[in-house]
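Peer 1: For reference, the file data_12.txt (compact mmCIF, C-alpha atoms and all ligand atoms) is included below:
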```
# COMPACT_ATOMS: atom_id res chain seq x y z
CA MET N 1 0.00 0.00 0.00
CA LYS N 2 1.32 3.44 -0.93
CA GLU N 3 0.33 6.79 0.47
CA LEU N 4 0.23 10.03 -1.49
CA THR N 5 -0.35 13.58 -0.21
CA ILE N 6 -1.36 16.33 -2.61
CA LEU N 7 -0.26 19.81 -1.56
CA SER N 8 -0.11 23.35 -2.84
CA GLY N 9 1.75 26.31 -1.40
CA LYS N 10 -1.52 28.19 -0.97
CA GLY N 11 -5.24 27.92 -1.75
CA GLY N 12 -6.47 28.55 -5.28
CA ALA N 13 -3.86 26.49 -7.14
CA GLY N 14 -6.52 23.92 -8.04
CA LYS N 15 -5.45 21.26 -5.54
CA THR N 16 -8.98 20.08 -4.80
CA SER N 17 -9.91 19.68 -8.48
CA ILE N 18 -6.68 17.73 -9.04
CA THR N 19 -7.44 15.54 -6.01
CA ALA N 20 -10.98 14.98 -7.28
CA ALA N 21 -9.65 13.88 -10.68
CA LEU N 22 -7.28 11.41 -9.01
CA MET N 23 -10.16 10.14 -6.86
CA SER N 24 -12.06 9.31 -10.05
CA LEU N 25 -9.08 7.48 -11.49
CA ALA N 26 -7.75 5.54 -8.51
CA SER N 27 -9.50 2.28 -7.80
CA ASN N 28 -9.06 0.35 -4.57
CA ALA N 29 -8.01 3.49 -2.70
CA VAL N 30 -8.96 5.19 0.56
CA PHE N 31 -9.24 8.98 0.47
CA CYS N 32 -8.56 11.38 3.28
CA ASP N 33 -9.26 15.11 3.49
CA ASN N 34 -6.35 16.55 5.50
CA ASP N 35 -7.52 20.12 4.99
CA VAL N 36 -9.40 19.99 8.29
CA ASP N 37 -9.57 23.78 8.74
CA ALA N 38 -11.42 24.27 5.48
CA ALA N 39 -12.52 20.80 4.41
CA ASN N 40 -14.23 20.89 1.02
CA LEU N 41 -13.63 17.53 -0.62
CA HIS N 42 -16.92 16.29 0.84
CA LEU N 43 -18.82 18.89 -1.24
CA LEU N 44 -17.79 17.06 -4.37
CA ALA N 45 -17.65 13.52 -3.01
CA ASN N 46 -21.19 13.66 -1.57
CA PRO N 47 -20.26 11.35 1.32
CA GLN N 48 -22.73 9.12 3.12
CA ILE N 49 -21.55 9.38 6.72
CA GLU N 50 -21.17 5.96 8.36
CA GLU N 51 -19.28 6.90 11.50
CA GLU N 52 -19.02 10.21 13.36
CA THR N 53 -16.60 10.77 16.27
CA VAL N 54 -15.93 13.81 18.44
CA PHE N 55 -12.33 14.99 18.44
CA GLU N 56 -11.61 16.76 21.71
CA GLY N 57 -10.19 20.20 20.99
CA ALA N 58 -8.01 22.41 23.16
CA ARG N 59 -9.21 23.63 26.54
CA LEU N 60 -10.82 27.03 26.65
CA ALA N 61 -11.51 29.18 29.73
CA SER N 62 -14.85 30.80 30.42
CA ILE N 63 -15.93 33.11 33.23
CA ASP N 64 -19.21 32.87 35.12
CA GLN N 65 -20.14 36.53 35.51
CA SER N 66 -22.61 35.78 38.28
CA ILE N 67 -19.75 34.55 40.51
CA CYS N 68 -16.90 36.89 39.46
CA VAL N 69 -16.01 39.50 42.11
CA ASN N 70 -13.92 41.66 39.75
CA CYS N 71 -10.63 41.15 41.58
CA GLY N 72 -8.61 41.29 38.34
CA LEU N 73 -6.24 38.46 39.33
CA CYS N 74 -6.92 36.52 36.14
CA VAL N 75 -6.17 39.48 33.83
CA ASN N 76 -2.92 40.22 35.60
CA HIS N 77 -1.63 36.65 35.43
CA CYS N 78 -2.72 35.39 32.02
CA LYS N 79 0.51 35.59 30.07
CA PHE N 80 -1.33 35.09 26.79
CA HIS N 81 -3.36 38.28 27.37
CA ALA N 82 -6.47 36.26 26.73
CA ILE N 83 -8.60 37.95 29.43
CA SER N 84 -9.70 41.56 29.23
CA LYS N 85 -12.04 43.82 31.11
CA ASP N 86 -14.80 45.60 29.31
CA ASP N 87 -18.03 45.76 31.29
CA ASN N 88 -17.10 42.33 32.59
CA TYR N 89 -14.02 40.15 32.56
CA VAL N 90 -14.10 38.13 29.34
CA VAL N 91 -11.93 35.47 27.69
CA ASN N 92 -10.82 35.86 24.09
CA SER N 93 -11.18 32.33 22.71
CA PHE N 94 -8.62 32.99 19.95
CA LEU N 95 -5.92 33.90 22.48
CA CYS N 96 -6.71 31.43 25.29
CA GLU N 97 -4.18 28.58 25.35
CA GLY N 98 -6.12 26.55 27.89
CA CYS N 99 -3.25 26.52 30.40
CA ARG N 100 -5.76 26.58 33.33
CA LEU N 101 -3.76 29.05 35.41
CA CYS N 102 -6.68 31.44 35.76
CA GLU N 103 -8.92 28.56 36.81
CA ARG N 104 -6.55 27.77 39.67
CA LEU N 105 -6.03 31.42 40.65
CA CYS N 106 -9.60 32.65 40.72
CA PRO N 107 -10.46 33.07 44.42
CA VAL N 108 -14.17 32.41 43.94
CA GLY N 109 -14.11 29.62 41.36
CA ALA N 110 -15.68 31.74 38.62
CA ILE N 111 -13.46 30.31 35.87
CA THR N 112 -13.74 26.89 34.32
CA THR N 113 -11.87 25.43 31.37
CA GLU N 114 -13.43 22.85 29.12
CA LYS N 115 -12.39 20.99 26.02
CA SER N 116 -14.19 21.95 22.86
CA LEU N 117 -16.41 19.13 21.61
CA GLU N 118 -17.29 20.82 18.35
CA ASN N 119 -14.61 19.15 16.25
CA LYS N 120 -15.55 15.88 14.58
CA TRP N 121 -14.13 13.39 12.17
CA PHE N 122 -16.11 11.11 9.89
CA ILE N 123 -15.80 7.89 7.95
CA SER N 124 -18.01 8.02 4.87
CA SER N 125 -18.70 6.02 1.78
CA THR N 126 -18.53 7.81 -1.56
CA ARG N 127 -18.79 6.74 -5.21
CA PHE N 128 -14.98 6.76 -5.28
CA GLY N 129 -14.44 4.67 -2.15
CA LYS N 130 -14.11 5.39 1.57
CA LEU N 131 -13.43 8.97 2.61
CA VAL N 132 -12.15 10.03 6.03
CA HIS N 133 -12.80 13.71 6.66
CA ALA N 134 -13.28 16.16 9.51
CA LYS N 135 -15.00 19.34 10.59
CA MET N 136 -13.08 21.76 12.75
CA LYS N 137 -14.35 24.80 14.60
CA PRO N 138 -12.81 28.06 13.26
CA GLY N 139 -9.97 29.32 15.46
CA GLU N 140 -9.10 25.89 16.90
CA GLU N 141 -5.40 25.19 17.03
CA ASN N 142 -5.27 21.42 17.06
CA SER N 143 -5.47 20.93 13.30
CA GLY N 144 -2.14 19.05 13.19
CA LYS N 145 -3.43 16.49 15.70
CA LEU N 146 -6.71 16.16 13.84
CA VAL N 147 -4.85 15.54 10.58
CA THR N 148 -2.85 12.81 12.32
CA LYS N 149 -6.10 11.27 13.57
CA VAL N 150 -7.85 11.23 10.17
CA ARG N 151 -4.73 9.80 8.53
CA GLN N 152 -4.53 7.09 11.20
CA LYS N 153 -8.15 6.12 10.49
CA ALA N 154 -7.60 6.12 6.73
CA LYS N 155 -4.62 3.84 7.24
CA GLU N 156 -6.64 1.43 9.40
CA ILE N 157 -9.35 1.26 6.73
CA ALA N 158 -6.78 0.80 3.96
CA GLU N 159 -5.11 -2.04 5.87
CA ASN N 160 -8.41 -3.76 6.69
CA THR N 161 -9.64 -3.54 3.11
CA GLN N 162 -6.24 -4.23 1.54
CA ALA N 163 -6.42 -1.00 -0.42
CA ASP N 164 -3.59 -0.22 -2.81
CA TYR N 165 -3.45 3.50 -2.08
CA ILE N 166 -4.26 6.21 0.43
CA ILE N 167 -4.69 9.59 -1.21
CA ASN N 168 -4.59 12.64 1.08
CA ASP N 169 -5.88 16.04 0.05
CA GLY N 170 -3.41 18.13 2.06
CA PRO N 171 -3.93 21.54 3.63
CA PRO N 172 -2.61 24.65 1.86
CA GLY N 173 0.45 26.53 3.12
CA ILE N 174 3.34 25.26 5.22
CA GLY N 175 1.81 25.14 8.72
CA CYS N 176 1.86 22.33 11.27
CA SER N 177 -1.10 20.59 9.63
CA VAL N 178 0.99 20.32 6.43
CA ILE N 179 3.76 18.67 8.44
CA SER N 180 1.21 16.22 9.85
CA SER N 181 0.00 15.60 6.32
CA VAL N 182 3.45 14.81 4.91
CA THR N 183 4.99 12.82 7.75
CA GLY N 184 5.54 9.21 6.71
CA VAL N 185 3.92 9.35 3.25
CA ASP N 186 5.58 7.73 0.24
CA VAL N 187 4.89 10.44 -2.31
CA VAL N 188 4.13 14.16 -2.19
CA LEU N 189 2.56 15.79 -5.22
CA ILE N 190 2.91 19.57 -5.28
CA VAL N 191 0.36 21.44 -7.39
CA ILE N 192 1.79 24.70 -8.73
CA GLU N 193 0.08 27.44 -10.67
CA PRO N 194 2.19 29.58 -13.03
CA SER N 195 2.36 32.89 -11.21
CA LYS N 196 5.02 34.70 -9.21
CA SER N 197 3.26 33.93 -5.94
CA GLY N 198 2.66 30.34 -7.10
CA LEU N 199 6.38 29.79 -7.57
CA HIS N 200 7.26 31.58 -4.34
CA ASP N 201 4.80 29.41 -2.36
CA ALA N 202 5.96 26.26 -4.14
CA LYS N 203 9.57 26.98 -3.19
CA ARG N 204 8.69 27.27 0.50
CA LEU N 205 6.61 24.11 0.34
CA LEU N 206 9.27 22.19 -1.54
CA LYS N 207 11.86 23.15 1.07
CA LEU N 208 9.56 21.79 3.77
CA ALA N 209 8.72 18.61 1.86
CA GLN N 210 12.41 17.94 1.14
CA SER N 211 13.07 17.59 4.85
CA PHE N 212 10.87 14.45 4.85
CA HIS N 213 11.66 11.14 3.20
CA ALA N 214 8.88 11.19 0.61
CA LYS N 215 9.49 11.19 -3.12
CA ILE N 216 8.33 14.53 -4.52
CA PHE N 217 6.65 15.25 -7.84
CA ALA N 218 5.15 18.40 -9.25
CA LEU N 219 2.08 19.09 -11.34
CA ILE N 220 1.77 22.45 -13.08
CA ASN N 221 -1.87 23.44 -13.20
CA LYS N 222 -3.16 25.94 -15.82
CA TYR N 223 0.32 25.84 -17.33
CA ASP N 224 -0.80 27.75 -20.44
CA MET N 225 -1.86 30.81 -18.43
CA SER N 226 1.72 32.14 -18.49
CA SER N 227 4.42 30.54 -20.60
CA GLU N 228 7.02 32.81 -18.97
CA GLN N 229 6.11 31.71 -15.45
CA THR N 230 5.77 28.08 -16.50
CA ASP N 231 9.30 28.22 -17.98
CA GLU N 232 10.58 29.68 -14.72
CA ILE N 233 8.86 26.94 -12.71
CA ASN N 234 10.22 24.24 -15.03
CA ALA N 235 13.76 25.63 -14.66
CA TYR N 236 13.45 25.75 -10.88
CA LEU N 237 12.07 22.19 -10.66
CA HIS N 238 14.80 20.93 -13.01
CA HIS N 239 17.41 22.53 -10.74
CA GLU N 240 15.82 20.87 -7.70
CA LYS N 241 15.64 17.52 -9.57
CA ILE N 242 11.85 17.35 -9.18
CA SER N 243 9.98 15.58 -11.99
CA VAL N 244 6.88 17.18 -13.42
CA ILE N 245 4.30 14.42 -13.83
CA ALA N 246 1.75 16.54 -15.66
CA ARG N 247 1.07 19.94 -17.13
CA VAL N 248 -2.66 20.51 -16.98
CA PRO N 249 -4.07 23.22 -19.29
CA PHE N 250 -6.49 25.90 -18.17
CA ASP N 251 -9.98 24.54 -18.69
CA ASP N 252 -13.17 26.34 -17.71
CA GLN N 253 -14.89 22.94 -17.72
CA ILE N 254 -13.07 22.21 -14.45
CA VAL N 255 -15.10 24.94 -12.75
CA LYS N 256 -18.28 23.63 -14.39
CA ALA N 257 -17.42 20.14 -13.19
CA MET N 258 -16.94 21.39 -9.61
CA LEU N 259 -20.26 23.28 -9.75
CA ASN N 260 -21.79 20.04 -10.94
CA LYS N 261 -20.15 18.23 -8.00
CA GLN N 262 -18.06 16.12 -10.34
CA SER N 263 -14.41 15.76 -11.14
CA ILE N 264 -13.19 16.79 -14.59
CA VAL N 265 -12.65 13.11 -15.39
CA GLU N 266 -16.34 12.44 -14.74
CA TYR N 267 -17.67 15.67 -16.29
CA ALA N 268 -15.58 15.89 -19.45
CA PRO N 269 -13.51 12.71 -19.78
CA ASP N 270 -12.24 13.59 -23.25
CA SER N 271 -11.14 17.13 -22.37
CA LEU N 272 -7.44 17.97 -22.55
CA SER N 273 -7.33 18.54 -18.80
CA ALA N 274 -8.94 15.14 -18.07
CA ILE N 275 -6.47 13.46 -20.46
CA ALA N 276 -3.57 15.22 -18.68
CA MET N 277 -4.89 13.94 -15.35
CA LYS N 278 -5.18 10.38 -16.71
CA GLN N 279 -1.55 10.58 -17.82
CA ALA N 280 -0.59 11.96 -14.40
CA TRP N 281 -2.24 9.03 -12.63
CA GLU N 282 -0.59 6.51 -14.98
CA GLN N 283 2.77 8.12 -14.26
CA LEU N 284 2.14 8.06 -10.51
CA GLN N 285 1.18 4.39 -10.64
CA LYS N 286 4.44 3.62 -12.46
CA GLU N 287 6.36 5.51 -9.79
CA PHE N 288 4.60 3.52 -7.05
CA GLN N 289 5.46 0.27 -8.83
CA ASN N 290 9.11 1.34 -9.16
CA MET N 291 9.18 2.00 -5.42
CA GLU N 292 7.98 -1.54 -4.76
CA GLY N 293 10.51 -3.04 -7.14
S1 LIG N 301 -6.59 29.23 30.54
FE1 LIG N 301 -4.55 30.19 30.53
S2 LIG N 301 -4.50 31.20 28.53
FE2 LIG N 301 -6.64 30.77 28.93
S3 LIG N 301 -7.40 32.61 29.89
FE3 LIG N 301 -6.76 31.24 31.53
S4 LIG N 301 -4.67 31.85 32.02
FE4 LIG N 301 -5.18 32.73 30.04
S1 LIG N 302 -9.94 36.01 39.06
FE1 LIG N 302 -12.04 35.30 39.17
S2 LIG N 302 -13.07 36.78 40.41
FE2 LIG N 302 -11.17 37.69 39.83
S3 LIG N 302 -11.67 38.89 38.00
FE3 LIG N 302 -10.97 36.91 37.31
S4 LIG N 302 -12.85 35.72 37.10
FE4 LIG N 302 -13.34 37.46 38.35
```
Do you think you could lay out the structure here as structure tokens?
Ligand code: SF4
Ligand code: SF4

Peer 2:
Amino acid sequence: MKELTILSGKGGAGKTSITAALMSLASNAVFCDNDVDAANLHLLANPQIEEETVFEGARLASIDQSICVNCGLCVNHCKFHAISKDDNYVVNSFLCEGCRLCERLCPVGAITTEKSLENKWFISSTRFGKLVHAKMKPGEENSGKLVTKVRQKAKEIAENTQADYIINDGPPGIGCSVISSVTGVDVVLIVIEPSKSGLHDAKRLLKLAQSFHAKIFALINKYDMSSEQTDEINAYLHHEKISVIARVPFDDQIVKAMLNKQSIVEYAPDSLSAIAMKQAWEQLQKEFQNMEG
């Protein structure tokens, strides 16, 4: 069994449409949405949820105003500046680190900290195969741990069903959830769009990915949007010894396919972009086979 994570340096490079195309092409695979902060693969995959589990988030303090005696101890001691005084003492949930110091200090027991129960992960069936995905409350900081959890579940399912592949739709950027998404995978596929920012983001991501042991490939999406930028990307990838497995042309049918909740391979199988994706998958399969041999 081989595991692939699809990444892009930032949102908007077309990572989800590329993932969706690979989902249509890969048989006997388990899919996993690692973009837990802004999960969207389920919109296209139309999953039928079979299992739903709460993922305990970070602790968060809250103040019972009816008990608080306005002593100000909590404000003075919270080193994350998460408590402020307006009319009442209030906790800023984006700043609170859940350290529980204020809970211990409060002389009247007005502060309690509780773990958020609003984050969930799911195992679903889709027309492509099993999908493990998650829903995370905005502002939560445990996305790396949640990515590790969904990947663990996908791996269990893949082992139990003797799947050939696990395909992860990774988060954008280079944050800790990306690290969780890349750790231990066999192959990383970086989706790059031909723009200055696309190349800049790809460079940062490539640097991060190179510190792991995965084999790295690139896919240039909408390559015909700027021949100058595409040439620059090609030169950079050549220098870094990264193979380009596909150059996918700009295709407005990809947007239509997404609006139709389909991948380009389903929506327009004979389009140039679908053909490029088929070639990309064939190439990836060959690479997986070479790794086994
Ligand atoms: S739990 Fe810690 S970080 Fe949160 S408000 Fe209390 S002292 Fe500040
Ligand atoms: S320490 Fe307790 S009583 Fe004092 S201001 Fe904070 S919440 Fe209120």

Peer 1: With distances taken over only C-alpha atoms, which residue among N:Thr53, N:Ser143, N:Gln285, N:Thr112 lies nearest N:Ile67?

Peer 2: N:Thr112

Peer 1: Compute the set of protein, DNA and RNA residues whose minimum atom distance to ligand LIG 302 (chain N) is at most 9 Å, using only C-alpha atoms and all ligand atoms, and state it as a list in words.

Peer 2: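 Written in the requested form, the residues are Ser62, Ile63, Asp64, Gln65, Ile67, Cys68, Val69, Asn70, Cys71, Gly72, Leu73, Cys74, Val75, Asn76, Ile83, Lys85, Asn88, Tyr89, Val90, Cys102, Glu103, Arg104, Leu105, Cys106, Pro107, Val108, Gly109, Ala110 and Ile111 of chain N.
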
Peer 1: Which is closer to N:Pro194 than all the others in N:Pro47, N:Pro138, N:Pro172, N:Pro249, using all atoms listed in the file?

Peer 2: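 Smallest distance to N:Pro194 is found for N:Pro249.
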
Peer 1: With only C-alpha atoms as the atoms that count, which of N:Val150, N:Ala280, N:Leu219, N:Ala214 lies nearest to N:Trp121?

Peer 2: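 Of all the options, N:Val150 lies closest to N:Trp121.
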
Peer 1: For N:Ala45, which of N:Leu206, N:Leu117, N:Val185, N:Val132 is the closest residue, counting only C-alpha atoms?

Peer 2: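 When distances to N:Ala45 are compared using only C-alpha atoms, the smallest one comes from N:Val132.
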
Peer 1: Can you tell me which residues sit at most 7 Å away from ligand LIG 301 (chain N), counting all atoms listed in the file, written as a PDB file with C-alpha atoms, in the frame of the given file?

Peer 2:
```pdb
ATOM      1  CA  LEU N  60     -10.820  27.030  26.650  1.00  0.00           C
ATOM      2  CA  ALA N  61     -11.510  29.180  29.730  1.00  0.00           C
ATOM      3  CA  CYS N  74      -6.920  36.520  36.140  1.00  0.00           C
ATOM      4  CA  HIS N  77      -1.630  36.650  35.430  1.00  0.00           C
ATOM      5  CA  CYS N  78      -2.720  35.390  32.020  1.00  0.00           C
ATOM      6  CA  LYS N  79       0.510  35.590  30.070  1.00  0.00           C
ATOM      7  CA  PHE N  80      -1.330  35.090  26.790  1.00  0.00           C
ATOM      8  CA  HIS N  81      -3.360  38.280  27.370  1.00  0.00           C
ATOM      9  CA  ALA N  82      -6.470  36.260  26.730  1.00  0.00           C
ATOM     10  CA  ILE N  83      -8.600  37.950  29.430  1.00  0.00           C
ATOM     11  CA  VAL N  91     -11.930  35.470  27.690  1.00  0.00           C
ATOM     12  CA  LEU N  95      -5.920  33.900  22.480  1.00  0.00           C
ATOM     13  CA  CYS N  96      -6.710  31.430  25.290  1.00  0.00           C
ATOM     14  CA  GLU N  97      -4.180  28.580  25.350  1.00  0.00           C
ATOM     15  CA  GLY N  98      -6.120  26.550  27.890  1.00  0.00           C
ATOM     16  CA  CYS N  99      -3.250  26.520  30.400  1.00  0.00           C
ATOM     17  CA  ARG N 100      -5.760  26.580  33.330  1.00  0.00           C
ATOM     18  CA  LEU N 101      -3.760  29.050  35.410  1.00  0.00           C
ATOM     19  CA  CYS N 102      -6.680  31.440  35.760  1.00  0.00           C
ATOM     20  CA  GLU N 103      -8.920  28.560  36.810  1.00  0.00           C
ATOM     21  CA  THR N 113     -11.870  25.430  31.370  1.00  0.00           C
TER      22      THR N 113
END
```
